[in-house]
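K.L.:
Dropping in protein_27.txt, with compact mmCIF, C-alpha atoms.
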# COMPACT_ATOMS: atom_id res chain seq x y z
CA MET S 39 221.93 65.90 127.94
CA LYS S 40 218.86 67.99 128.39
CA ARG S 41 219.04 69.17 124.75
CA LYS S 42 219.49 65.62 123.50
CA GLY S 43 216.48 64.49 125.52
CA ILE S 44 214.28 67.23 124.04
CA PHE S 45 215.56 66.42 120.55
CA LEU S 46 214.82 62.70 120.92
CA LEU S 47 211.36 63.43 122.33
CA THR S 48 210.62 65.70 119.33
CA ILE S 49 211.76 63.02 116.87
CA MET S 50 209.61 60.36 118.55
CA THR S 51 206.57 62.67 118.55
CA MET S 52 207.01 63.43 114.86
CA THR S 53 207.36 59.73 114.11
CA LEU S 54 204.03 59.00 115.76
CA ILE S 55 202.23 61.89 114.01
CA LEU S 56 203.65 61.39 110.51
CA THR S 57 202.38 57.87 109.95
CA SER S 58 202.80 57.88 106.17
CA CYS S 59 199.87 57.96 103.70
CA TRP S 60 197.30 56.03 105.70
CA SER S 61 194.39 57.52 103.72
CA LYS S 62 195.97 57.46 100.25
CA LYS S 63 193.79 56.98 97.19
CA GLU S 64 195.30 55.75 93.95
CA LEU S 65 194.25 57.85 90.97
CA THR S 66 193.72 54.72 88.88
CA ASP S 67 191.11 53.55 91.40
CA LEU S 68 189.01 56.73 91.28
CA ALA S 69 186.15 57.77 89.04
CA ILE S 70 186.24 61.58 89.18
CA VAL S 71 182.72 63.03 89.15
CA ALA S 72 182.65 66.44 87.43
CA ALA S 73 178.90 67.05 87.73
CA MET S 74 175.84 65.49 89.34
CA GLY S 75 172.29 65.77 88.07
CA ILE S 76 169.39 65.07 90.43
CA ASP S 77 165.86 64.30 89.23
CA LYS S 78 162.74 62.75 90.72
CA THR S 79 161.26 59.58 89.26
CA LYS S 80 157.55 58.93 88.79
CA ASP S 81 157.49 56.73 91.89
CA GLY S 82 159.08 59.47 94.04
CA ARG S 83 162.67 58.23 94.15
CA TYR S 84 165.84 60.20 93.50
CA HIS S 85 167.51 59.63 90.14
CA ILE S 86 171.12 60.79 89.90
CA THR S 87 173.13 61.24 86.72
CA LEU S 88 176.91 61.34 87.15
CA GLN S 89 179.29 62.95 84.67
CA ILE S 90 182.55 60.99 84.96
CA ILE S 91 185.76 62.35 83.43
CA ASN S 92 187.73 60.11 81.05
CA PRO S 93 191.26 61.42 81.84
CA GLY S 94 192.96 59.89 78.77
CA ASN S 95 190.43 61.37 76.35
CA VAL S 96 190.61 64.82 77.94
CA ALA S 97 194.40 64.96 78.04
CA GLY S 98 195.03 63.64 74.56
CA GLY S 99 191.98 64.99 72.78
CA MET S 100 189.04 62.91 71.66
CA GLN S 101 191.13 60.20 70.05
CA GLY S 102 190.33 56.60 69.56
CA GLY S 103 192.31 53.46 68.85
CA GLY S 104 193.72 52.14 65.62
CA GLY S 105 190.27 51.97 64.04
CA GLY S 106 189.98 55.76 64.15
CA ALA S 107 186.87 55.68 66.36
CA GLN S 108 186.55 58.65 68.66
CA SER S 109 185.77 58.48 72.38
CA PRO S 110 183.99 61.16 74.41
CA PRO S 111 185.78 63.02 77.23
CA ILE S 112 183.10 61.96 79.71
CA THR S 113 181.07 58.89 80.55
CA ILE S 114 177.59 58.98 82.08
CA TYR S 115 176.39 56.69 84.85
CA SER S 116 172.99 56.89 86.50
CA ALA S 117 171.02 55.13 89.23
CA SER S 118 167.95 55.59 91.42
CA GLY S 119 167.37 55.30 95.15
CA ASP S 120 165.16 56.40 98.01
CA ASN S 121 167.87 58.91 98.95
CA LEU S 122 171.10 60.27 97.48
CA VAL S 123 173.31 57.86 99.43
CA GLU S 124 171.44 54.81 98.14
CA ALA S 125 171.43 56.12 94.58
CA SER S 126 175.17 56.78 94.72
CA ARG S 127 175.94 53.32 96.07
CA ARG S 128 173.77 51.71 93.41
CA ALA S 129 175.67 53.64 90.74
CA SER S 130 178.96 52.30 92.09
CA GLY S 131 177.86 48.81 91.05
CA ARG S 132 178.10 49.85 87.39
CA ILE S 133 181.63 51.22 87.38
CA SER S 134 184.99 49.60 88.13
CA ARG S 135 186.27 52.54 90.18
CA ARG S 136 185.36 54.33 93.39
CA LEU S 137 183.12 57.36 92.84
CA TYR S 138 185.08 60.42 93.92
CA TYR S 139 183.08 63.61 94.62
CA ALA S 140 185.83 65.95 95.83
CA HIS S 141 186.08 67.52 92.35
CA THR S 142 182.33 67.79 91.74
CA ASN S 143 181.97 71.50 91.00
CA LEU S 144 178.44 71.41 89.60
CA VAL S 145 175.06 70.16 90.86
CA VAL S 146 172.09 70.30 88.48
CA VAL S 147 168.57 69.92 89.92
CA GLY S 148 165.67 68.98 87.69
CA GLU S 149 162.83 71.50 87.38
CA LYS S 150 160.19 68.98 88.43
CA LEU S 151 162.08 68.11 91.61
CA ALA S 152 162.65 71.79 92.44
CA LYS S 153 158.94 72.55 92.00
CA GLU S 154 157.38 69.59 93.77
CA GLU S 155 159.79 68.77 96.60
CA GLY S 156 162.24 71.64 96.81
CA LEU S 157 165.93 71.68 97.61
CA ASP S 158 166.00 71.39 101.41
CA THR S 159 166.30 67.60 101.69
CA LEU S 160 168.85 67.06 98.94
CA ILE S 161 171.03 69.98 100.11
CA ASP S 162 171.09 68.47 103.58
CA GLY S 163 172.30 65.18 102.10
CA LEU S 164 175.06 66.86 100.09
CA ASP S 165 176.16 69.00 103.04
CA ARG S 166 176.59 65.94 105.27
CA ASP S 167 179.00 64.24 102.87
CA PRO S 168 182.56 65.12 104.06
CA GLU S 169 183.90 64.57 100.54
CA PHE S 170 181.42 66.84 98.79
CA ARG S 171 182.28 70.54 98.56
CA ASN S 172 179.60 73.03 99.57
CA THR S 173 181.35 75.54 97.30
CA SER S 174 180.01 73.61 94.29
CA THR S 175 177.80 75.64 91.95
CA LEU S 176 174.08 74.87 91.95
CA VAL S 177 171.86 75.35 88.88
CA ILE S 178 168.29 74.32 88.06
CA ALA S 179 167.43 72.72 84.73
CA ASN S 180 165.09 75.12 82.95
CA HIS S 181 162.24 73.33 81.14
CA SER S 182 164.29 70.13 81.02
CA SER S 183 165.58 67.39 83.26
CA ALA S 184 168.90 67.47 85.07
CA ALA S 185 169.87 64.28 83.23
CA ASP S 186 169.52 65.96 79.83
CA VAL S 187 171.77 68.83 80.91
CA VAL S 188 174.46 66.61 82.44
CA LYS S 189 174.55 64.23 79.46
CA THR S 190 175.07 66.94 76.84
CA LEU S 191 178.46 67.04 75.12
CA THR S 192 179.79 70.55 74.51
CA PRO S 193 182.21 72.11 72.00
CA VAL S 194 185.23 74.24 73.01
CA ASP S 195 185.13 73.05 76.63
CA LYS S 196 185.65 69.29 76.57
CA ILE S 197 184.15 68.77 80.02
CA PRO S 198 180.50 69.94 79.95
CA ALA S 199 180.55 70.90 83.64
CA ASN S 200 183.30 73.43 82.92
CA LYS S 201 181.25 74.88 80.05
CA ILE S 202 178.33 75.59 82.41
CA LEU S 203 180.54 77.08 85.13
CA LYS S 204 182.42 79.35 82.72
CA THR S 205 179.22 80.44 80.98
CA LEU S 206 177.69 81.50 84.30
CA GLU S 207 180.86 83.33 85.27
CA PHE S 208 181.19 85.30 82.04
CA THR S 209 177.48 86.05 81.53
CA GLN S 210 177.35 87.46 85.07
CA ARG S 211 180.43 89.55 84.33
CA LYS S 212 179.29 90.85 80.92
CA TRP S 213 175.48 90.79 80.88
CA GLY S 214 174.13 90.41 84.41
CA GLU S 215 171.04 88.31 83.73
CA ASN S 216 172.40 85.30 85.65
CA VAL S 217 174.20 84.79 88.91
CA LYS S 218 176.62 82.04 89.91
CA THR S 219 175.39 80.56 93.20
CA SER S 220 177.09 77.95 95.38
CA LEU S 221 175.47 75.37 97.64
CA GLN S 222 176.82 77.31 100.62
CA GLU S 223 175.12 80.54 99.47
CA VAL S 224 171.81 78.75 98.88
CA MET S 225 171.98 77.20 102.36
CA LYS S 226 172.68 80.61 103.89
CA SER S 227 169.70 82.17 102.07
CA LEU S 228 167.35 79.36 103.07
CA GLU S 229 168.34 79.78 106.72
CA SER S 230 167.96 83.57 106.74
CA PRO S 231 164.68 84.79 108.31
CA GLY S 232 162.07 85.75 105.71
CA ARG S 233 164.51 85.32 102.84
CA GLY S 234 163.82 83.79 99.44
CA THR S 235 166.53 82.34 97.22
CA VAL S 236 167.65 82.76 93.61
CA VAL S 237 169.49 80.15 91.54
CA SER S 238 170.52 80.40 87.90
CA GLY S 239 168.84 78.23 85.31
CA PHE S 240 170.43 76.27 82.49
CA ARG S 241 168.65 74.62 79.62
CA LEU S 242 169.25 72.28 76.74
CA VAL S 243 168.36 73.82 73.38
CA GLY S 244 167.78 71.14 70.77
CA ASN S 245 167.25 67.39 70.66
CA PRO S 246 168.39 65.61 73.87
CA GLN S 247 169.36 62.49 71.89
CA GLN S 248 171.49 64.50 69.45
CA ALA S 249 173.15 66.35 72.35
CA GLN S 250 174.73 63.10 73.59
CA LYS S 251 176.38 62.17 70.27
CA LEU S 252 179.88 63.05 69.12
CA ASP S 253 178.40 63.84 65.70
CA ASN S 254 176.85 66.94 67.28
CA LEU S 255 180.34 68.33 68.01
CA GLN S 256 181.57 67.81 64.47
CA GLU S 257 179.35 70.60 63.15
CA SER S 258 180.28 74.29 63.16
CA ALA S 259 176.80 75.08 64.51
CA PRO S 260 175.79 72.19 66.81
CA GLU S 261 172.11 71.28 66.68
CA ALA S 262 171.92 70.81 70.46
CA THR S 263 173.63 73.17 72.90
CA LEU S 264 173.51 74.29 76.52
CA ARG S 265 172.73 77.88 77.45
CA ALA S 266 172.17 79.96 80.58
CA SER S 267 168.45 80.61 80.93
CA GLY S 268 166.93 82.88 83.54
CA ILE S 269 166.94 82.96 87.32
CA ALA S 270 164.89 80.54 89.42
CA VAL S 271 162.93 82.02 92.34
CA LEU S 272 162.73 79.72 95.35
CA LYS S 273 160.25 80.16 98.19
CA GLU S 274 160.82 77.92 101.21
CA GLY S 275 163.17 75.93 99.02
CA LYS S 276 160.66 75.31 96.21
CA LEU S 277 160.69 76.74 92.69
CA VAL S 278 157.83 79.23 92.24
CA ASP S 279 158.87 81.41 89.28
CA TRP S 280 161.43 82.13 86.55
CA LEU S 281 162.87 85.59 85.91
CA TYR S 282 164.11 86.65 82.48
CA GLY S 283 165.30 89.91 80.94
CA LYS S 284 164.83 93.15 82.90
CA PRO S 285 163.37 91.62 86.10
CA ALA S 286 166.34 89.23 86.24
CA ILE S 287 168.90 92.00 85.68
CA GLY S 288 167.12 94.24 88.21
CA THR S 289 167.26 91.46 90.78
CA VAL S 290 171.00 91.03 90.28
CA TRP S 291 171.42 94.82 90.61
CA ILE S 292 169.66 94.91 93.98
CA LEU S 293 171.58 91.87 95.25
CA ASP S 294 174.75 93.85 94.43
CA LYS S 295 176.06 90.99 92.33
CA ILE S 296 176.02 92.81 89.02
CA GLN S 297 179.49 92.84 87.50
CA GLY S 298 178.73 94.26 84.10
CA THR S 299 175.84 94.92 81.75
CA ASP S 300 174.73 97.05 78.81
CA ILE S 301 172.11 99.79 79.07
CA ASN S 302 170.54 101.31 75.94
CA ILE S 303 168.85 104.71 76.06
CA ASP S 304 166.72 106.62 73.57
CA TRP S 305 168.15 109.78 71.97
CA LYS S 306 166.76 112.31 69.50
CA GLY S 307 163.67 110.24 68.84
CA LYS S 308 165.60 107.05 68.06
CA LYS S 309 164.95 104.02 70.25
CA GLU S 310 167.95 102.59 72.12
CA ALA S 311 170.32 104.83 70.19
CA ILE S 312 173.15 104.95 72.76
CA ALA S 313 174.79 101.96 74.45
CA TYR S 314 176.22 102.43 77.95
CA GLN S 315 178.61 99.83 79.35
CA THR S 316 178.95 99.61 83.14
CA VAL S 317 182.43 99.48 84.64
CA ARG S 318 181.94 99.95 88.40
CA GLN S 319 178.75 99.72 90.40
CA LYS S 320 177.62 99.46 94.00
CA THR S 321 174.16 98.93 95.47
CA SER S 322 173.43 99.49 99.14
CA ILE S 323 170.19 98.89 101.06
CA SER S 324 169.07 100.59 104.26
CA ALA S 325 165.99 100.01 106.38
CA GLN S 326 163.76 102.02 108.69
CA VAL S 327 160.57 101.40 110.61
CA LYS S 328 158.11 104.30 110.38
CA ASN S 329 154.84 104.26 112.36
CA GLY S 330 155.23 100.54 112.87
CA GLN S 331 155.71 99.84 109.16
CA PRO S 332 158.99 98.78 107.51
CA HIS S 333 160.53 101.05 104.89
CA ILE S 334 163.43 100.27 102.52
CA SER S 335 165.80 102.58 100.65
CA VAL S 336 167.88 101.30 97.73
CA HIS S 337 170.82 103.36 96.49
CA THR S 338 172.75 102.43 93.34
CA ARG S 339 175.85 104.17 92.06
CA VAL S 340 177.21 103.20 88.66
CA GLU S 341 180.07 104.36 86.46
CA GLY S 342 180.51 103.39 82.83
CA ASP S 343 181.54 104.18 79.29
CA ILE S 344 179.79 105.01 76.04
CA GLY S 345 180.06 101.91 73.86
CA ASP S 346 178.02 102.75 70.78
CA MET S 347 176.05 105.66 69.31
CA GLU S 348 173.63 105.43 66.40
CA VAL S 349 172.99 109.18 66.23
CA PRO S 350 175.38 112.21 66.24
CA VAL S 351 175.98 113.41 69.82
CA ASP S 352 178.13 116.28 71.06
CA ILE S 353 179.72 114.44 73.97
CA LYS S 354 182.08 117.37 74.70
CA ASN S 355 179.09 119.34 75.96
CA PRO S 356 178.70 118.86 79.77
CA LYS S 357 174.95 119.51 79.54
CA VAL S 358 174.56 116.71 77.01
CA ILE S 359 176.55 114.33 79.23
CA LYS S 360 174.40 115.27 82.23
CA LYS S 361 171.21 114.59 80.29
CA MET S 362 172.53 111.21 79.16
CA GLU S 363 173.45 110.30 82.75
CA GLN S 364 169.91 111.14 83.87
CA SER S 365 168.44 108.94 81.13
CA ILE S 366 170.71 106.06 82.14
CA GLY S 367 169.71 106.48 85.80
CA LYS S 368 166.00 106.39 84.91
CA LYS S 369 166.51 103.23 82.84
CA ILE S 370 168.25 101.45 85.73
CA GLU S 371 165.60 102.66 88.18
CA LYS S 372 162.91 101.16 85.94
CA ASP S 373 164.67 97.78 85.96
CA LEU S 374 164.97 97.85 89.76
CA LYS S 375 161.25 98.65 90.12
CA MET S 376 160.33 95.77 87.82
CA ALA S 377 162.41 93.38 89.95
CA ILE S 378 160.80 94.59 93.19
CA GLU S 379 157.26 94.39 91.79
CA ARG S 380 157.86 90.86 90.51
CA ALA S 381 159.25 89.73 93.87
CA GLN S 382 156.29 91.30 95.70
CA LYS S 383 153.88 89.60 93.32
CA ASN S 384 155.51 86.24 94.13
CA ARG S 385 155.38 87.09 97.85
CA THR S 386 159.01 86.02 98.10
CA ASP S 387 161.72 88.30 99.46
CA ILE S 388 164.56 87.19 97.18
CA LEU S 389 166.04 90.70 97.44
CA GLY S 390 167.05 90.37 101.09
CA PHE S 391 165.04 93.33 102.41
CA GLY S 392 163.85 91.40 105.45
CA GLU S 393 167.41 90.34 106.19
CA VAL S 394 168.49 94.01 106.23
CA ILE S 395 165.75 94.89 108.73
CA HIS S 396 166.62 91.85 110.84
CA ARG S 397 170.29 92.83 110.88
CA THR S 398 169.79 96.52 111.70
CA ARG S 399 166.59 96.36 113.78
CA PRO S 400 166.30 92.80 115.16
CA ASN S 401 163.79 93.62 117.91
CA GLN S 402 161.40 95.33 115.51
CA PHE S 403 161.73 92.60 112.90
CA LYS S 404 160.37 90.05 115.39
CA LYS S 405 156.94 91.64 114.86
CA PHE S 406 157.13 91.10 111.08
CA LYS S 407 158.98 87.78 110.92
CA GLN S 408 156.07 85.32 110.85
CA GLU S 409 154.08 87.21 108.20
CA TRP S 410 156.93 88.92 106.37
CA ASN S 411 156.58 87.26 102.92
CA ASP S 412 152.79 87.12 102.84
CA VAL S 413 151.75 90.38 104.55
CA TYR S 414 154.50 92.97 104.96
CA PHE S 415 156.80 92.38 102.00
CA PRO S 416 154.10 92.60 99.25
CA LYS S 417 153.09 96.08 100.53
CA LEU S 418 156.59 97.26 101.38
CA GLU S 419 157.45 100.86 100.44
CA VAL S 420 160.79 101.09 98.62
CA ASP S 421 162.62 104.29 97.68
CA ILE S 422 165.08 103.96 94.79
CA THR S 423 167.94 106.35 94.10
CA VAL S 424 170.27 105.84 91.13
CA GLU S 425 173.41 107.84 90.41
CA ALA S 426 174.86 107.21 86.94
CA TYR S 427 178.10 108.67 85.62
CA ILE S 428 179.76 108.59 82.21
CA ARG S 429 183.53 108.39 82.60
CA ARG S 430 184.79 107.70 79.08
CA ALA S 431 183.53 107.82 75.50
CA GLY S 432 185.95 105.45 73.81
CA LEU S 433 188.68 106.61 71.41
CA ARG S 434 186.67 109.54 70.01
CA ASN S 435 185.42 112.74 71.57
CA LYS S 436 183.69 113.77 68.38
CA SER S 437 181.26 111.25 66.97
CA PHE S 438 182.15 109.72 63.59
CA LEU S 439 178.48 110.16 62.65
CA SER S 440 178.77 113.91 63.28
CA GLY S 441 181.57 114.14 60.70
CA VAL S 442 179.57 112.15 58.17
CA LYS S 443 176.54 114.38 58.68
CA GLU S 444 178.62 117.56 58.22
CA ASN S 445 180.05 116.30 54.91
CA GLN S 446 176.57 115.52 53.64
CA LYS S 447 175.43 119.12 54.03
Could I get this file's structure written as structure tokens?
P.N.:
Amino acid sequence: MKRKGIFLLTIMTMTLILTSCWSKKELTDLAIVAAMGIDKTKDGRYHITLQIINPGNVAGGMQGGGGGAQSPPITIYSASGDNLVEASRRASGRISRRLYYAHTNLVVVGEKLAKEEGLDTLIDGLDRDPEFRNTSTLVIANHSSAADVVKTLTPVDKIPANKILKTLEFTQRKWGENVKTSLQEVMKSLESPGRGTVVSGFRLVGNPQQAQKLDNLQESAPEATLRASGIAVLKEGKLVDWLYGKPAIGTVWILDKIQGTDINIDWKGKKEAIAYQTVRQKTSISAQVKNGQPHISVHTRVEGDIGDMEVPVDIKNPKVIKKMEQSIGKKIEKDLKMAIERAQKNRTDILGFGEVIHRTRPNQFKKFKQEWNDVYFPKLEVDITVEAYIRRAGLRNKSFLSGVKENQK
């Protein structure tokens, strides 16, 4: 009897807990938002641009009805409001389905909004929404509006939001001039004492009107395309600078987010004659306080392969390999110095040096905290050590160019 009583009690408890699908949402009633663009209007209101997925067009290709007309894989809706909630609710009046943000993996912020107002307020609004994921990727529209970026149709990847996300992922993995940053990571950086923030930029190249037309996708070389473009530097949540090229790559190196890049070194009087491809790398930062002044040490260790040689090189000679490794190390060190100097010029610690001091020496950092970005960081002494190693040289030990040169004698 006792067992039966426990069994019945368990069944009754489960019946009360498992009360069917009380919060179900029918797929046919949802408008799935793939990306959101946020701009600022002339009168100071928020203007959102929503990239809605057309499921039938994505699944079956861009096919139309009997007339042969094509339909795009996305539809764009936009609205304005004094805040994000109002703008979103106004947009819902233009669509026959409920806006669903659980699959919004991309947020694009207009450059004007990032410069004038910053990201603090809008990030707070997104973070409060229980349906919105703070793992969504954040990018800033470089020299264009967020609306132009979100509205652009893209080849290969039918959903433009996916094109941006994949481009950031692969360019970080192969080149290192951009970094994929989530809302959660931006929030963490903004809350860290004395810390600046970096966010990747994306820009529209070409005519914004042409970018929204299906005709643009029917060309082998589209006139209007989206491309990753630089790293945005944020100070107190506001955009203050753009980093491109070596300063951008150096910044990603120091942040220890570099996944892969290419380093070209001079050899035998020829500029950038040897290409070095990184395979494994690790950057560590340590901090000390000497005579009341903060001091930072950056140590980078990198391993890689020889990818290309434009001059004959005896890579079987250990002395030659050692000399090449030293040249590679100096080239990386130069990039790191450029990144540090640029950050110090902007008076914005996007490299996290202050955070390292705060974590390892919290009591001493209290003295620097209030004036860190404006007084201590611009004059900060930084020691850089780079260890570079060549592990492989491809399929050949002897250069093909060496054989050619010998036959020409």
K.L.:
For stretch 179-185 of chain S, find every residue with an atom within 7 Å (counting all atoms listed in the file), except residues of its own chain fewer than 2 positions away, and show them as a PyMOL selection string.
P.N.:
chain S and resi 75-77+87+146-149+177+187-189+239-242+267
K.L.:
Give me, please, the distance in Å between atom CA of S:Leu272 and atom CA of S:Ala72, quoted to one decimal.
P.N.:
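Computed distance, atom CA of S:Leu272 to atom CA of S:Ala72, equals 25.2 Å.
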K.L.:
I'd like to know which of S:Asp253, S:Glu348, S:Asp279, S:Glu371 is closest to S:Ile292, using only C-alpha atoms.
P.N.:
S:Glu371
K.L.:
Which is closer to S:Val349 than all the others in S:Arg385, S:Lys308, S:Arg41, S:Lys320, using all atoms listed in the file?
P.N.:
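Once distances to S:Val349 are computed over all atoms listed in the file, the minimum belongs to S:Lys308.
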K.L.:
Write out as a list in words each polymer residue whose atoms come within 12 Å of S:Lys361, counting all atoms listed in the file; drop sequence neighbours fewer than 6 positions from it.
P.N.:
Ile303, Asp304, Trp305, Lys306, Val351, Asp352, Ile353, Asn355, Gly367, Lys368, Ala426, Tyr427 and Ile428 of chain S
K.L.:
What would the file look like if the residues just selected were written as a compact mmCIF listing (two decimals), in the coordinates of the input with C-alpha atoms?
P.N.:
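Output file out03.txt is given in full below:
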# COMPACT_ATOMS: atom_id res chain seq x y z
CA ILE S 303 168.85 104.71 76.06
CA ASP S 304 166.72 106.62 73.57
CA TRP S 305 168.15 109.78 71.97
CA LYS S 306 166.76 112.31 69.50
CA VAL S 351 175.98 113.41 69.82
CA ASP S 352 178.13 116.28 71.06
CA ILE S 353 179.72 114.44 73.97
CA ASN S 355 179.09 119.34 75.96
CA GLY S 367 169.71 106.48 85.80
CA LYS S 368 166.00 106.39 84.91
CA ALA S 426 174.86 107.21 86.94
CA TYR S 427 178.10 108.67 85.62
CA ILE S 428 179.76 108.59 82.21
K.L.:
I want to know what sits within 10 Å of S:Leu418, based on only C-alpha atoms, with residues of the same chain fewer than 4 positions away left out; could you give that as number ranges by chain?
P.N.:
S: 331-334, 378, 382, 391, 410, 413-414
K.L.:
Which of these, S:Phe403, S:Ile161, S:Glu425, S:Gly234, has the shortest distance to S:Gln319 once you count only C-alpha atoms?
P.N.:
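The closest residue to S:Gln319 is S:Glu425.
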K.L.:
Could you work out how far atom CA of S:Ile133 lies from atom CA of S:Leu203, giving the answer in Å with one decimal?
P.N.:
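Value for the atom CA of S:Leu203-atom CA of S:Ile133 distance: 26.0 Å.
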K.L.:
Counting all atoms listed in the file, I want the residues whose atoms come within 10 Å of (171.0, 67.1, 63.3) in the file frame, returned as a PDB file with C-alpha atoms, in the coordinates of the input.
P.N.:
ATOM      1  CA  GLY S 244     167.780  71.140  70.770  1.00  0.00           C
ATOM      2  CA  ASN S 245     167.250  67.390  70.660  1.00  0.00           C
ATOM      3  CA  GLN S 247     169.360  62.490  71.890  1.00  0.00           C
ATOM      4  CA  GLN S 248     171.490  64.500  69.450  1.00  0.00           C
ATOM      5  CA  ALA S 249     173.150  66.350  72.350  1.00  0.00           C
ATOM      6  CA  ASP S 253     178.400  63.840  65.700  1.00  0.00           C
ATOM      7  CA  ASN S 254     176.850  66.940  67.280  1.00  0.00           C
ATOM      8  CA  GLU S 257     179.350  70.600  63.150  1.00  0.00           C
ATOM      9  CA  ALA S 259     176.800  75.080  64.510  1.00  0.00           C
ATOM     10  CA  PRO S 260     175.790  72.190  66.810  1.00  0.00           C
ATOM     11  CA  GLU S 261     172.110  71.280  66.680  1.00  0.00           C
ATOM     12  CA  ALA S 262     171.920  70.810  70.460  1.00  0.00           C
TER      13      ALA S 262
END
K.L.:
Write out as a ChimeraX atom specification each polymer residue whose atoms come within 9 Å of S:Ser174, counting all atoms listed in the file; drop sequence neighbours fewer than 4 positions from it.
P.N.:
/S:141-145,170,219-222
K.L.:
Please check which residues have atoms at most 10 Å from (173.7, 99.6, 72.8) in the file's coordinates, counting only C-alpha atoms, and write them as a list of chain:residue names.
P.N.:
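Using only C-alpha atoms, the matching residues come out as S:Asp300, S:Ile301, S:Asn302, S:Ile303, S:Asp304, S:Glu310, S:Ala311, S:Ile312, S:Ala313, S:Tyr314, S:Gln315, S:Ile344, S:Gly345, S:Asp346, S:Met347, S:Glu348.
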K.L.:
Let me make sure I understand: among S:Ile202, S:Ala266, S:Leu151, S:Ile197, which one has the smallest atom-to-atom distance to S:Pro110 if we use only C-alpha atoms?
P.N.:
S:Ile197
K.L.:
Of the candidates S:Lys196, S:Arg233, S:Lys42, S:Arg166, which one gets nearest to S:Gly390 if we count all atoms listed in the file?
P.N.:
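Of all the options, S:Arg233 lies closest to S:Gly390.
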K.L.:
Report, in Å to a single decimal, how far apart atom CA of S:Gln402 and atom CA of S:Leu228 are.
P.N.:
21.1 Å
K.L.:
Restricting the calculation to only C-alpha atoms, which member of S:Asp158, S:Asp186, S:Asp343, S:Glu229 is positioned closest to S:Met362?
P.N.:
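Nearest candidate to S:Met362 out of S:Asp158, S:Asp186, S:Asp343, S:Glu229: S:Asp343.
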K.L.:
Would you mind completing stretch 354-366 of chain S to N, CA and C atoms and writing the output as a compact mmCIF listing (two decimals), in the coordinates of the input?
P.N.:
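After the write, result.txt holds the following:
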# COMPACT_ATOMS: atom_id res chain seq x y z
N LYS S 354 181.19 116.42 74.03
CA LYS S 354 182.08 117.37 74.70
C LYS S 354 181.27 118.39 75.50
N ASN S 355 179.97 118.40 75.27
CA ASN S 355 179.09 119.34 75.96
C ASN S 355 178.66 118.75 77.32
N PRO S 356 179.05 119.39 78.45
CA PRO S 356 178.70 118.86 79.77
C PRO S 356 177.20 118.70 79.99
N LYS S 357 176.41 119.60 79.39
CA LYS S 357 174.95 119.51 79.54
C LYS S 357 174.41 118.26 78.86
N VAL S 358 174.99 117.92 77.72
CA VAL S 358 174.56 116.71 77.01
C VAL S 358 174.91 115.47 77.83
N ILE S 359 176.11 115.45 78.40
CA ILE S 359 176.55 114.33 79.23
C ILE S 359 175.63 114.18 80.44
N LYS S 360 175.29 115.30 81.06
CA LYS S 360 174.40 115.27 82.23
C LYS S 360 173.04 114.70 81.87
N LYS S 361 172.52 115.09 80.73
CA LYS S 361 171.21 114.59 80.29
C LYS S 361 171.27 113.09 80.01
N MET S 362 172.37 112.64 79.42
CA MET S 362 172.53 111.21 79.16
C MET S 362 172.61 110.43 80.47
N GLU S 363 173.33 110.96 81.45
CA GLU S 363 173.45 110.30 82.75
C GLU S 363 172.09 110.17 83.43
N GLN S 364 171.25 111.20 83.30
CA GLN S 364 169.91 111.14 83.87
C GLN S 364 169.06 110.07 83.20
N SER S 365 169.19 109.97 81.87
CA SER S 365 168.44 108.94 81.13
C SER S 365 168.88 107.54 81.53
N ILE S 366 170.18 107.36 81.72
CA ILE S 366 170.71 106.06 82.14
C ILE S 366 170.19 105.71 83.54
